[in-house]
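Enquirer: Quick one: this structure, given as structure tokens, is what I'll be asking you about.
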2 protein chains.
Amino acid sequence: MDRETLNFSYDKIMEMEQRYRATFINSITGFKSLALVGTIGKSGGTNVAVFNSIVHLGAHPPLVGMVIRPDSVDRHSLQNILETGYYTINHVQESFMQKAHKTSARYPKEISEFEAVGLTTEFISDFSAPFVCESKIKVGLEFKEKIPFAINGTVFVIGEIKQVILPKASVHADGFIDLVQAGTITNSGLDSYHSVSGGKRFPYAKP
Amino acid sequence: MDRETLNFSYDKIMEMEQRYRATFINSITGFKSLALVGTIGKSGGTNVAVFNSIVHLGAHPPLVGMVIRPDSVDRHSLQNILETGYYTINHVQESFMQKAHKTSARYPKEISEFEAVGLTTEFISDFSAPFVCESKIKVGLEFKEKIPFAINGTVFVIGEIKQVILPKASVHADGFIDLVQAGTITNSGLDSYHSVSGGKRFPYAKP
């Protein structure tokens, strides 16, 4: 068994070929919270984009954060969120993970990624932003705050959860949502998608 | 097969019992980037705490963000990071996931969670913060910026990657790190730990 380890210094990382470094550093933060973000512009054009930087911020009020790179395909999502104030976060299942990945291509603004990759918009109740019909766990959010990170030009977007739609069978008696039951997958790096199984819960930790 | 769905409005979420809501909302962001954060205070006391809010910020320079709740057990980690300017992010494997979970208990400041839960500090080269010896993928970071989120009192900490130690066998020719090979696990909700298998990579997406 090969137990050899590598040790990369900051200088070695900065000397890596650009694409190699992007792949390497995108892998180093572990498995990521993968989701499709659904938006609509003020002129009615819809957009869906894959994100892997969703992060829990708080439960009361229910707040979710995500990192957006304004120079990337994310920019259409950000524009729409700022125009209309609402967006959706939709979990990805194995059955449409390839379509989810394809939303990362640079489509022109006038093309809906929903149509381009073959995903279905779903409008629920009076919520203005489109959900992804294929997704089993869907979250509707209201935009709250945009925090620019001067250090590298990324933007942190905070939203408040306004609606949650999910399978009844995935919700346990204590509020825990069984993501394995719902078929939610995770990803790593820039382009690797993984299904998850099992799961072991531990009791609330005390010293 | 039970296909019934539930639809929770904002009001229903706010009316949930507090612990139920925390469990529910912590589950809704999908599988999370799980890691042990190792720190040391200026007086030399070490600390290790489990985090599930690690997020990739950028590759050039290599930046990582994480959300810290200053009213929680995270506060000792934050204090140490601010005192010494360095910290480590260590992936969690199944073999010590229970120990990782136990670091979430509220130990007094003078107790090292390393000793309390049975994990081993490892000091590598001249990096001042302790790594977790048991972890196969270890990242050393320099504190760059602390951004307080007024909306709920959480703090976003940005660090720059200074060192990466990992198994040679987990690094592919294009820089992709095979987290499955390294045994990195993920978590969901507040207390559920999942091993990950397989993984399907897709080519760079073009319209």
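Residues are referred to by chain and number: the chain letter is A, B, ... according to the order shown in the structure tokens, the number counts from 1 in that chain, and ligands are numbered separately from 1 in the order shown.
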So which residues touch Gly41 of chain A within 6 Å, counting only C-alpha atoms, skipping near sequence neighbours fewer than 3 positions away, as a list in words?
Expert: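 Near neighbours after the sequence-gap exclusion: Gly44, Gly45 and Asn80 of chain A.
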Enquirer: What does the file look like for those residues with N, CA and C atoms, as a short mmCIF file (atom, residue, chain, number, x, y, z; two decimals), in the first residue's frame?
Expert:
data_model
loop_
_atom_site.label_atom_id
_atom_site.label_comp_id
_atom_site.auth_asym_id
_atom_site.auth_seq_id
_atom_site.Cartn_x
_atom_site.Cartn_y
_atom_site.Cartn_z
N GLY A 44 -38.57 38.40 -17.07
CA GLY A 44 -39.20 37.08 -17.11
C GLY A 44 -38.33 35.94 -17.58
N GLY A 45 -37.08 36.23 -17.95
CA GLY A 45 -36.17 35.16 -18.37
C GLY A 45 -35.69 34.35 -17.17
N ASN A 80 -30.22 38.43 -11.55
CA ASN A 80 -31.63 38.12 -11.34
C ASN A 80 -32.04 38.25 -9.87
#
Enquirer: Please provide the set of residues having any atom within 12 Å of Gly199 of chain A, restricted to only C-alpha atoms, with same-chain residues fewer than 4 positions apart removed, written as a list in words.
Expert: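 In the requested form, the answer reads Ile177, Asp178, Leu179, Val180 and Gln181 of chain A; Phe31, Glu94, Met97, Ile185, Thr186, Asn187, Ser188, Gly189, Asp191, Ser192, Tyr193, His194, Ser195 and Val196 of chain B.
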Enquirer: Extract, using only C-alpha atoms, all DNA, RNA and protein residues at most 12 Å from Thr5 of chain A, discarding same-chain residues fewer than 3 positions from it, and format them as a list in words.
Expert: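 My reading of the contact set: Asp2 and Phe8 of chain A; Ser135, Lys136, Ile137, Lys138, Val164, Ile165, Leu166, Pro167, Lys168, Ala169, Ser170, Val171 and Ala182 of chain B.
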Enquirer: Could you take the residues named above and write them with all heavy atoms, as a CSV table (one decimal), in the first residue's frame?
Expert:
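Generated file (result-v1.csv):
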chain,number,residue,atom,x,y,z
A,2,ASP,N,0.5,2.2,-0.8
A,2,ASP,CA,1.3,3.4,-1.0
A,2,ASP,C,0.9,4.4,0.1
A,2,ASP,O,-0.2,4.9,0.1
A,2,ASP,CB,1.1,4.0,-2.4
A,2,ASP,CG,2.0,5.2,-2.6
A,2,ASP,OD1,2.8,5.5,-1.7
A,2,ASP,OD2,1.9,5.8,-3.7
A,8,PHE,N,2.6,20.3,-0.1
A,8,PHE,CA,2.7,21.5,-1.0
A,8,PHE,C,2.7,22.8,-0.1
A,8,PHE,O,1.9,23.1,0.7
A,8,PHE,CB,1.4,21.6,-1.9
A,8,PHE,CG,1.3,20.5,-2.8
A,8,PHE,CD1,0.6,19.3,-2.5
A,8,PHE,CD2,1.9,20.6,-4.1
A,8,PHE,CE1,0.5,18.3,-3.5
A,8,PHE,CE2,1.8,19.6,-5.0
A,8,PHE,CZ,1.1,18.4,-4.7
B,135,SER,N,-5.8,12.7,10.5
B,135,SER,CA,-6.4,13.1,9.3
B,135,SER,C,-5.4,12.9,8.1
B,135,SER,O,-4.3,13.2,8.2
B,135,SER,CB,-6.8,14.6,9.4
B,135,SER,OG,-7.3,15.1,8.2
B,136,LYS,N,-6.0,12.4,7.0
B,136,LYS,CA,-5.1,12.2,5.8
B,136,LYS,C,-4.9,13.4,5.0
B,136,LYS,O,-3.9,13.5,4.3
B,136,LYS,CB,-5.7,11.1,5.0
B,136,LYS,CG,-5.6,9.7,5.5
B,136,LYS,CD,-5.9,8.6,4.5
B,136,LYS,CE,-5.9,7.2,5.0
B,136,LYS,NZ,-6.5,6.3,4.1
B,137,ILE,N,-5.9,14.3,5.0
B,137,ILE,CA,-5.8,15.5,4.2
B,137,ILE,C,-5.8,16.7,5.2
B,137,ILE,O,-6.7,16.9,5.9
B,137,ILE,CB,-6.9,15.7,3.2
B,137,ILE,CG1,-6.8,14.5,2.2
B,137,ILE,CG2,-6.8,17.0,2.5
B,137,ILE,CD1,-7.8,14.6,1.0
B,138,LYS,N,-4.7,17.4,5.2
B,138,LYS,CA,-4.4,18.5,6.2
B,138,LYS,C,-4.1,19.8,5.4
B,138,LYS,O,-3.3,19.8,4.5
B,138,LYS,CB,-3.3,18.1,7.1
B,138,LYS,CG,-3.3,16.8,7.8
B,138,LYS,CD,-2.0,16.5,8.5
B,138,LYS,CE,-2.0,15.3,9.4
B,138,LYS,NZ,-1.8,14.0,8.7
B,164,VAL,N,-0.4,22.3,2.2
B,164,VAL,CA,-1.4,21.2,2.0
B,164,VAL,C,-0.6,19.9,2.1
B,164,VAL,O,0.4,19.7,1.4
B,164,VAL,CB,-2.1,21.2,0.6
B,164,VAL,CG1,-2.9,20.0,0.4
B,164,VAL,CG2,-2.9,22.5,0.5
B,165,ILE,N,-1.0,19.0,3.0
B,165,ILE,CA,-0.4,17.7,3.2
B,165,ILE,C,-1.4,16.6,2.9
B,165,ILE,O,-2.5,16.6,3.5
B,165,ILE,CB,0.1,17.5,4.6
B,165,ILE,CG1,1.2,18.6,4.9
B,165,ILE,CG2,0.7,16.1,4.9
B,165,ILE,CD1,0.9,19.6,5.9
B,166,LEU,N,-1.1,15.7,2.0
B,166,LEU,CA,-2.1,14.7,1.6
B,166,LEU,C,-1.5,13.5,1.0
B,166,LEU,O,-0.3,13.5,0.6
B,166,LEU,CB,-3.2,15.3,0.7
B,166,LEU,CG,-2.9,15.6,-0.8
B,166,LEU,CD1,-4.1,16.2,-1.5
B,166,LEU,CD2,-1.7,16.5,-1.0
B,167,PRO,N,-2.2,12.4,0.9
B,167,PRO,CA,-1.6,11.2,0.3
B,167,PRO,C,-1.3,11.3,-1.2
B,167,PRO,O,-2.2,11.8,-1.9
B,167,PRO,CB,-2.7,10.1,0.5
B,167,PRO,CG,-3.7,10.7,1.5
B,167,PRO,CD,-3.6,12.1,1.3
B,168,LYS,N,-0.1,10.9,-1.6
B,168,LYS,CA,0.2,11.0,-3.0
B,168,LYS,C,-0.8,10.3,-3.9
B,168,LYS,O,-1.1,10.7,-4.9
B,168,LYS,CB,1.6,10.4,-3.2
B,168,LYS,CG,2.2,10.6,-4.6
B,168,LYS,CD,3.6,10.1,-4.7
B,168,LYS,CE,4.2,10.3,-6.1
B,168,LYS,NZ,5.5,9.8,-6.2
B,169,ALA,N,-1.3,9.2,-3.3
B,169,ALA,CA,-2.2,8.3,-4.1
B,169,ALA,C,-3.5,9.0,-4.4
B,169,ALA,O,-4.3,8.5,-5.2
B,169,ALA,CB,-2.4,7.0,-3.4
B,170,SER,N,-3.8,10.0,-3.6
B,170,SER,CA,-5.2,10.7,-3.8
B,170,SER,C,-5.1,11.8,-4.9
B,170,SER,O,-6.2,12.3,-5.3
B,170,SER,CB,-5.7,11.2,-2.5
B,170,SER,OG,-4.9,12.3,-2.1
B,171,VAL,N,-3.9,12.2,-5.3
B,171,VAL,CA,-3.8,13.3,-6.3
B,171,VAL,C,-3.8,12.7,-7.7
B,171,VAL,O,-2.8,12.0,-8.1
B,171,VAL,CB,-2.6,14.2,-6.0
B,171,VAL,CG1,-2.6,15.4,-6.9
B,171,VAL,CG2,-2.6,14.6,-4.5
B,182,ALA,N,-9.1,9.0,-0.2
B,182,ALA,CA,-8.5,9.5,1.0
B,182,ALA,C,-9.4,9.2,2.2
B,182,ALA,O,-9.0,9.4,3.4
B,182,ALA,CB,-8.3,11.0,0.9
Enquirer: Which of segment 20-166 of chain B end up as alpha helix (DSSP H) when DSSP is run on this backbone - answer as a tab-separated table (two decimals) with N, CA, C and O atoms, in the first residue's frame?
Expert:
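File produced: part24.tsv:
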chain	number	residue	atom	x	y	z
B	20	TYR	N	-36.20	21.38	17.07
B	20	TYR	CA	-36.70	20.80	15.82
B	20	TYR	C	-36.27	21.68	14.64
B	20	TYR	O	-35.75	21.20	13.64
B	21	ARG	N	-36.46	23.01	14.81
B	21	ARG	CA	-36.11	23.94	13.72
B	21	ARG	C	-34.61	23.91	13.44
B	21	ARG	O	-34.17	23.90	12.29
B	22	ALA	N	-33.79	23.88	14.51
B	22	ALA	CA	-32.34	23.86	14.32
B	22	ALA	C	-31.94	22.61	13.52
B	22	ALA	O	-31.11	22.68	12.61
B	23	THR	N	-32.53	21.49	13.86
B	23	THR	CA	-32.22	20.23	13.17
B	23	THR	C	-32.69	20.28	11.72
B	23	THR	O	-31.97	19.89	10.79
B	24	PHE	N	-33.88	20.79	11.52
B	24	PHE	CA	-34.49	20.88	10.18
B	24	PHE	C	-33.70	21.82	9.27
B	24	PHE	O	-33.28	21.44	8.17
B	25	ILE	N	-33.45	23.02	9.76
B	25	ILE	CA	-32.78	24.03	8.91
B	25	ILE	C	-31.31	23.66	8.67
B	25	ILE	O	-30.77	23.90	7.59
B	26	ASN	N	-30.68	23.03	9.67
B	26	ASN	CA	-29.31	22.57	9.45
B	26	ASN	C	-29.22	21.46	8.42
B	26	ASN	O	-28.14	21.20	7.87
B	27	SER	N	-30.34	20.77	8.17
B	27	SER	CA	-30.35	19.69	7.17
B	27	SER	C	-30.59	20.20	5.76
B	27	SER	O	-30.24	19.53	4.79
B	74	ASP	N	-17.48	27.35	19.02
B	74	ASP	CA	-16.56	27.88	18.02
B	74	ASP	C	-15.73	29.05	18.54
B	74	ASP	O	-14.72	29.42	17.95
B	75	ARG	N	-16.20	29.67	19.65
B	75	ARG	CA	-15.57	30.92	20.05
B	75	ARG	C	-14.10	30.73	20.46
B	75	ARG	O	-13.27	31.60	20.25
B	76	HIS	N	-13.76	29.57	21.02
B	76	HIS	CA	-12.36	29.32	21.36
B	76	HIS	C	-11.50	29.23	20.10
B	76	HIS	O	-10.38	29.72	20.09
B	77	SER	N	-12.04	28.62	19.06
B	77	SER	CA	-11.31	28.56	17.79
B	77	SER	C	-11.06	29.97	17.27
B	77	SER	O	-9.95	30.31	16.87
B	78	LEU	N	-12.11	30.79	17.28
B	78	LEU	CA	-11.99	32.16	16.78
B	78	LEU	C	-10.97	32.96	17.59
B	78	LEU	O	-10.11	33.65	17.02
B	79	GLN	N	-11.04	32.85	18.91
B	79	GLN	CA	-10.08	33.55	19.78
B	79	GLN	C	-8.64	33.17	19.41
B	79	GLN	O	-7.78	34.04	19.25
B	80	ASN	N	-8.41	31.88	19.27
B	80	ASN	CA	-7.06	31.41	18.95
B	80	ASN	C	-6.60	31.90	17.57
B	80	ASN	O	-5.45	32.30	17.40
B	81	ILE	N	-7.51	31.85	16.61
B	81	ILE	CA	-7.16	32.31	15.25
B	81	ILE	C	-6.76	33.79	15.29
B	81	ILE	O	-5.76	34.20	14.68
B	82	LEU	N	-7.52	34.58	16.04
B	82	LEU	CA	-7.22	36.01	16.11
B	82	LEU	C	-5.94	36.27	16.90
B	82	LEU	O	-5.19	37.21	16.60
B	83	GLU	N	-5.65	35.43	17.89
B	83	GLU	CA	-4.44	35.62	18.70
B	83	GLU	C	-3.16	35.29	17.93
B	83	GLU	O	-2.16	35.99	18.05
B	84	THR	N	-3.21	34.21	17.17
B	84	THR	CA	-1.95	33.72	16.56
B	84	THR	C	-1.91	33.85	15.04
B	84	THR	O	-0.84	33.75	14.44
B	97	MET	N	-14.71	9.65	13.23
B	97	MET	CA	-15.84	10.59	13.12
B	97	MET	C	-16.53	10.82	14.46
B	97	MET	O	-17.00	11.92	14.74
B	98	GLN	N	-16.56	9.77	15.32
B	98	GLN	CA	-17.21	9.96	16.62
B	98	GLN	C	-16.40	10.94	17.48
B	98	GLN	O	-16.95	11.79	18.18
B	99	LYS	N	-15.08	10.82	17.41
B	99	LYS	CA	-14.23	11.78	18.13
B	99	LYS	C	-14.43	13.20	17.59
B	99	LYS	O	-14.48	14.17	18.35
B	100	ALA	N	-14.53	13.30	16.26
B	100	ALA	CA	-14.76	14.61	15.65
B	100	ALA	C	-16.06	15.22	16.19
B	100	ALA	O	-16.10	16.40	16.57
B	101	HIS	N	-17.11	14.40	16.25
B	101	HIS	CA	-18.40	14.90	16.75
B	101	HIS	C	-18.28	15.37	18.20
B	101	HIS	O	-18.87	16.37	18.60
B	102	LYS	N	-17.51	14.64	19.00
B	102	LYS	CA	-17.37	14.98	20.43
B	102	LYS	C	-16.71	16.33	20.66
B	102	LYS	O	-16.85	16.91	21.73
B	113	GLU	N	-9.37	20.07	23.47
B	113	GLU	CA	-10.28	19.07	22.90
B	113	GLU	C	-9.51	17.90	22.28
B	113	GLU	O	-10.05	16.81	22.16
B	114	PHE	N	-8.26	18.15	21.86
B	114	PHE	CA	-7.45	17.05	21.36
B	114	PHE	C	-7.38	15.94	22.41
B	114	PHE	O	-7.69	14.77	22.13
B	115	GLU	N	-7.00	16.32	23.63
B	115	GLU	CA	-6.89	15.32	24.72
B	115	GLU	C	-8.26	14.81	25.12
B	115	GLU	O	-8.45	13.61	25.34
B	116	ALA	N	-9.21	15.71	25.22
B	116	ALA	CA	-10.54	15.33	25.72
B	116	ALA	C	-11.19	14.25	24.86
B	116	ALA	O	-11.86	13.36	25.39
B	117	VAL	N	-11.03	14.33	23.55
B	117	VAL	CA	-11.72	13.37	22.68
B	117	VAL	C	-10.78	12.27	22.18
B	117	VAL	O	-11.23	11.31	21.56
Enquirer: Would you superpose chain B on chain A, least squares on all C-alpha atoms in order, and hand back the fitted chain as a tab-separated table (two decimals) with C-alpha atoms, in the first residue's frame?
Expert:
chain	number	residue	atom	x	y	z
B	1	MET	CA	-0.13	0.03	0.01
B	2	ASP	CA	1.25	3.41	-0.97
B	3	ARG	CA	1.45	5.58	2.14
B	4	GLU	CA	3.63	8.31	0.67
B	5	THR	CA	2.42	11.83	1.46
B	6	LEU	CA	2.95	15.06	-0.44
B	7	ASN	CA	3.51	18.45	1.17
B	8	PHE	CA	2.67	21.50	-0.95
B	9	SER	CA	3.85	24.89	0.28
B	10	TYR	CA	2.14	28.17	-0.66
B	11	ASP	CA	4.88	28.81	-3.23
B	12	LYS	CA	4.39	25.40	-4.83
B	13	ILE	CA	0.63	26.02	-5.02
B	14	MET	CA	1.16	29.44	-6.63
B	15	GLU	CA	3.53	27.87	-9.19
B	16	MET	CA	0.97	25.24	-10.26
B	17	GLU	CA	-0.40	25.50	-13.79
B	18	GLN	CA	-3.63	27.54	-13.58
B	19	ARG	CA	-6.14	24.78	-14.42
B	20	TYR	CA	-4.28	22.25	-12.23
B	21	ARG	CA	-4.39	24.69	-9.28
B	22	ALA	CA	-8.10	25.42	-9.78
B	23	THR	CA	-8.86	21.69	-9.75
B	24	PHE	CA	-6.58	21.04	-6.76
B	25	ILE	CA	-7.78	23.92	-4.57
B	26	ASN	CA	-11.43	23.28	-5.44
B	27	SER	CA	-10.95	19.73	-4.13
B	28	ILE	CA	-9.26	20.64	-0.86
B	29	THR	CA	-12.34	21.92	0.98
B	30	GLY	CA	-13.93	18.45	1.03
B	31	PHE	CA	-17.35	17.38	-0.19
B	32	LYS	CA	-19.58	20.34	-0.95
B	33	SER	CA	-23.20	21.44	-0.56
B	34	LEU	CA	-24.41	21.01	-4.13
B	35	ALA	CA	-27.54	22.73	-5.40
B	36	LEU	CA	-29.20	24.26	-8.41
B	37	VAL	CA	-30.06	27.92	-7.92
B	38	GLY	CA	-33.16	29.00	-9.84
B	39	THR	CA	-33.80	32.66	-10.66
B	40	ILE	CA	-35.92	34.88	-12.88
B	41	GLY	CA	-35.06	38.31	-14.26
B	42	LYS	CA	-37.42	41.30	-14.20
B	43	SER	CA	-38.18	40.66	-17.88
B	44	GLY	CA	-39.22	37.09	-17.09
B	45	GLY	CA	-36.19	35.16	-18.36
B	46	THR	CA	-35.38	32.18	-16.15
B	47	ASN	CA	-31.96	30.91	-15.17
B	48	VAL	CA	-30.65	27.87	-13.35
B	49	ALA	CA	-27.03	27.39	-12.28
B	50	VAL	CA	-25.15	24.79	-10.29
B	51	PHE	CA	-23.59	26.00	-7.02
B	52	ASN	CA	-21.38	24.21	-4.54
B	53	SER	CA	-20.85	26.97	-2.03
B	54	ILE	CA	-24.13	26.89	-0.11
B	55	VAL	CA	-23.64	27.29	3.63
B	56	HIS	CA	-25.93	27.24	6.66
B	57	LEU	CA	-25.87	30.60	8.49
B	58	GLY	CA	-28.53	30.23	11.13
B	59	ALA	CA	-31.86	28.61	11.99
B	60	HIS	CA	-33.72	31.47	13.69
B	61	PRO	CA	-34.25	33.28	11.43
B	62	PRO	CA	-33.53	30.59	8.82
B	63	LEU	CA	-30.60	32.01	6.82
B	64	VAL	CA	-28.49	30.53	4.05
B	65	GLY	CA	-25.33	31.97	2.47
B	66	MET	CA	-23.61	31.31	-0.83
B	67	VAL	CA	-20.49	32.51	-2.59
B	68	ILE	CA	-20.91	33.98	-6.08
B	69	ARG	CA	-18.09	34.74	-8.50
B	70	PRO	CA	-19.31	37.79	-10.43
B	71	ASP	CA	-16.91	37.16	-13.34
B	72	SER	CA	-18.34	33.70	-14.02
B	73	VAL	CA	-21.59	32.18	-15.23
B	74	ASP	CA	-22.89	32.94	-11.73
B	75	ARG	CA	-23.31	36.56	-12.76
B	76	HIS	CA	-26.70	35.98	-14.40
B	77	SER	CA	-27.95	34.39	-11.18
B	78	LEU	CA	-26.71	37.37	-9.17
B	79	GLN	CA	-28.28	39.87	-11.59
B	80	ASN	CA	-31.64	38.13	-11.34
B	81	ILE	CA	-31.48	37.87	-7.55
B	82	LEU	CA	-30.78	41.59	-7.28
B	83	GLU	CA	-33.52	42.45	-9.80
B	84	THR	CA	-36.34	40.45	-8.25
B	85	GLY	CA	-35.22	39.68	-4.69
B	86	TYR	CA	-36.04	35.96	-4.77
B	87	TYR	CA	-34.28	32.72	-5.70
B	88	THR	CA	-34.54	29.00	-5.10
B	89	ILE	CA	-32.11	26.31	-3.94
B	90	ASN	CA	-32.87	22.84	-5.28
B	91	HIS	CA	-31.06	19.66	-4.26
B	92	VAL	CA	-29.51	17.53	-7.00
B	93	GLN	CA	-30.23	13.81	-7.43
B	94	GLU	CA	-28.21	11.33	-9.46
B	95	SER	CA	-30.90	11.14	-12.16
B	96	PHE	CA	-30.16	14.71	-13.34
B	97	MET	CA	-26.61	15.35	-12.12
B	98	GLN	CA	-25.28	15.56	-15.69
B	99	LYS	CA	-27.88	18.21	-16.52
B	100	ALA	CA	-26.94	20.06	-13.33
B	101	HIS	CA	-23.28	20.05	-14.39
B	102	LYS	CA	-24.19	21.37	-17.85
B	103	THR	CA	-25.67	24.53	-16.33
B	104	SER	CA	-22.08	25.59	-15.63
B	105	ALA	CA	-21.54	26.33	-19.35
B	106	ARG	CA	-21.50	29.98	-20.42
B	107	TYR	CA	-24.88	30.43	-22.06
B	108	PRO	CA	-25.88	33.86	-23.36
B	109	LYS	CA	-28.18	35.80	-21.02
B	110	GLU	CA	-31.22	35.39	-23.33
B	111	ILE	CA	-31.06	31.58	-23.16
B	112	SER	CA	-32.71	29.82	-20.22
B	113	GLU	CA	-30.42	27.13	-18.83
B	114	PHE	CA	-33.59	25.26	-17.88
B	115	GLU	CA	-34.35	24.71	-21.58
B	116	ALA	CA	-30.73	24.40	-22.64
B	117	VAL	CA	-29.97	21.46	-20.34
B	118	GLY	CA	-33.45	19.93	-20.20
B	119	LEU	CA	-34.64	20.78	-16.69
B	120	THR	CA	-38.19	21.87	-15.90
B	121	THR	CA	-39.23	25.13	-14.25
B	122	GLU	CA	-41.86	24.79	-11.55
B	123	PHE	CA	-43.69	27.75	-10.03
B	124	ILE	CA	-45.17	27.01	-6.61
B	125	SER	CA	-47.87	29.09	-4.93
B	126	ASP	CA	-47.09	32.76	-5.43
B	127	PHE	CA	-43.32	32.38	-5.11
B	128	SER	CA	-41.84	34.38	-7.99
B	129	ALA	CA	-38.58	32.44	-8.62
B	130	PRO	CA	-38.66	29.10	-10.44
B	131	PHE	CA	-37.99	25.84	-8.62
B	132	VAL	CA	-36.45	22.84	-10.37
B	133	CYS	CA	-39.35	20.42	-10.85
B	134	GLU	CA	-37.07	17.34	-10.92
B	135	SER	CA	-35.60	18.17	-7.49
B	136	LYS	CA	-37.09	16.47	-4.45
B	137	ILE	CA	-35.95	19.07	-1.91
B	138	LYS	CA	-36.70	22.67	-2.87
B	139	VAL	CA	-36.08	25.84	-0.88
B	140	GLY	CA	-37.44	29.30	-1.71
B	141	LEU	CA	-35.42	32.27	-0.43
B	142	GLU	CA	-35.74	36.02	-0.15
B	143	PHE	CA	-32.57	38.00	-0.81
B	144	LYS	CA	-31.39	39.78	2.34
B	145	GLU	CA	-27.85	41.02	1.88
B	146	LYS	CA	-24.92	41.07	-0.53
B	147	ILE	CA	-21.47	41.27	1.00
B	148	PRO	CA	-18.57	41.86	-1.40
B	149	PHE	CA	-15.28	40.23	-0.41
B	150	ALA	CA	-12.62	42.73	-1.48
B	151	ILE	CA	-9.90	40.10	-1.10
B	152	ASN	CA	-10.80	38.37	-4.40
B	153	GLY	CA	-13.92	39.97	-5.82
B	154	THR	CA	-16.33	37.25	-4.80
B	155	VAL	CA	-19.72	38.16	-3.35
B	156	PHE	CA	-21.46	36.51	-0.42
B	157	VAL	CA	-25.23	36.45	-0.79
B	158	ILE	CA	-27.45	35.92	2.25
B	159	GLY	CA	-31.04	34.80	1.88
B	160	GLU	CA	-33.86	33.99	4.26
B	161	ILE	CA	-35.79	30.76	3.78
B	162	LYS	CA	-39.42	31.49	2.90
B	163	GLN	CA	-40.59	28.07	1.77
B	164	VAL	CA	-39.39	24.46	1.96
B	165	ILE	CA	-40.90	21.68	-0.16
B	166	LEU	CA	-39.72	18.13	0.45
B	167	PRO	CA	-40.87	14.50	0.62
B	168	LYS	CA	-42.80	13.72	3.79
B	169	ALA	CA	-40.92	10.41	4.01
B	170	SER	CA	-37.57	12.21	4.35
B	171	VAL	CA	-38.48	14.16	7.51
B	172	HIS	CA	-37.77	12.36	10.79
B	173	ALA	CA	-39.70	12.95	14.02
B	174	ASP	CA	-37.02	15.32	15.39
B	175	GLY	CA	-36.83	17.52	12.28
B	176	PHE	CA	-33.81	15.76	10.76
B	177	ILE	CA	-34.07	15.56	6.98
B	178	ASP	CA	-32.83	12.25	5.61
B	179	LEU	CA	-30.91	13.41	2.54
B	180	VAL	CA	-29.99	9.84	1.63
B	181	GLN	CA	-33.68	8.93	1.51
B	182	ALA	CA	-34.31	11.98	-0.70
B	183	GLY	CA	-31.47	11.02	-3.05
B	184	THR	CA	-29.51	14.26	-2.56
B	185	ILE	CA	-25.96	13.93	-3.88
B	186	THR	CA	-22.75	15.85	-3.15
B	187	ASN	CA	-19.81	16.92	-5.26
B	188	SER	CA	-16.09	17.43	-4.99
B	189	GLY	CA	-13.62	19.47	-6.97
B	190	LEU	CA	-14.99	21.19	-10.04
B	191	ASP	CA	-16.69	18.32	-11.79
B	192	SER	CA	-17.07	15.20	-9.61
B	193	TYR	CA	-20.50	14.06	-8.42
B	194	HIS	CA	-21.05	11.50	-5.67
B	195	SER	CA	-24.08	9.73	-4.31
B	196	VAL	CA	-24.15	9.27	-0.54
B	197	SER	CA	-25.40	6.31	1.42
B	198	GLY	CA	-25.71	5.24	5.03
B	199	GLY	CA	-25.29	7.86	7.69
B	200	LYS	CA	-24.57	7.54	11.40
B	201	ARG	CA	-26.10	9.97	13.88
B	202	PHE	CA	-24.43	10.70	17.21
B	203	PRO	CA	-26.09	12.13	20.34
B	204	TYR	CA	-25.66	15.77	21.34
B	205	ALA	CA	-22.07	16.00	22.60
B	206	LYS	CA	-21.36	16.83	26.26
B	207	PRO	CA	-17.97	17.10	28.00
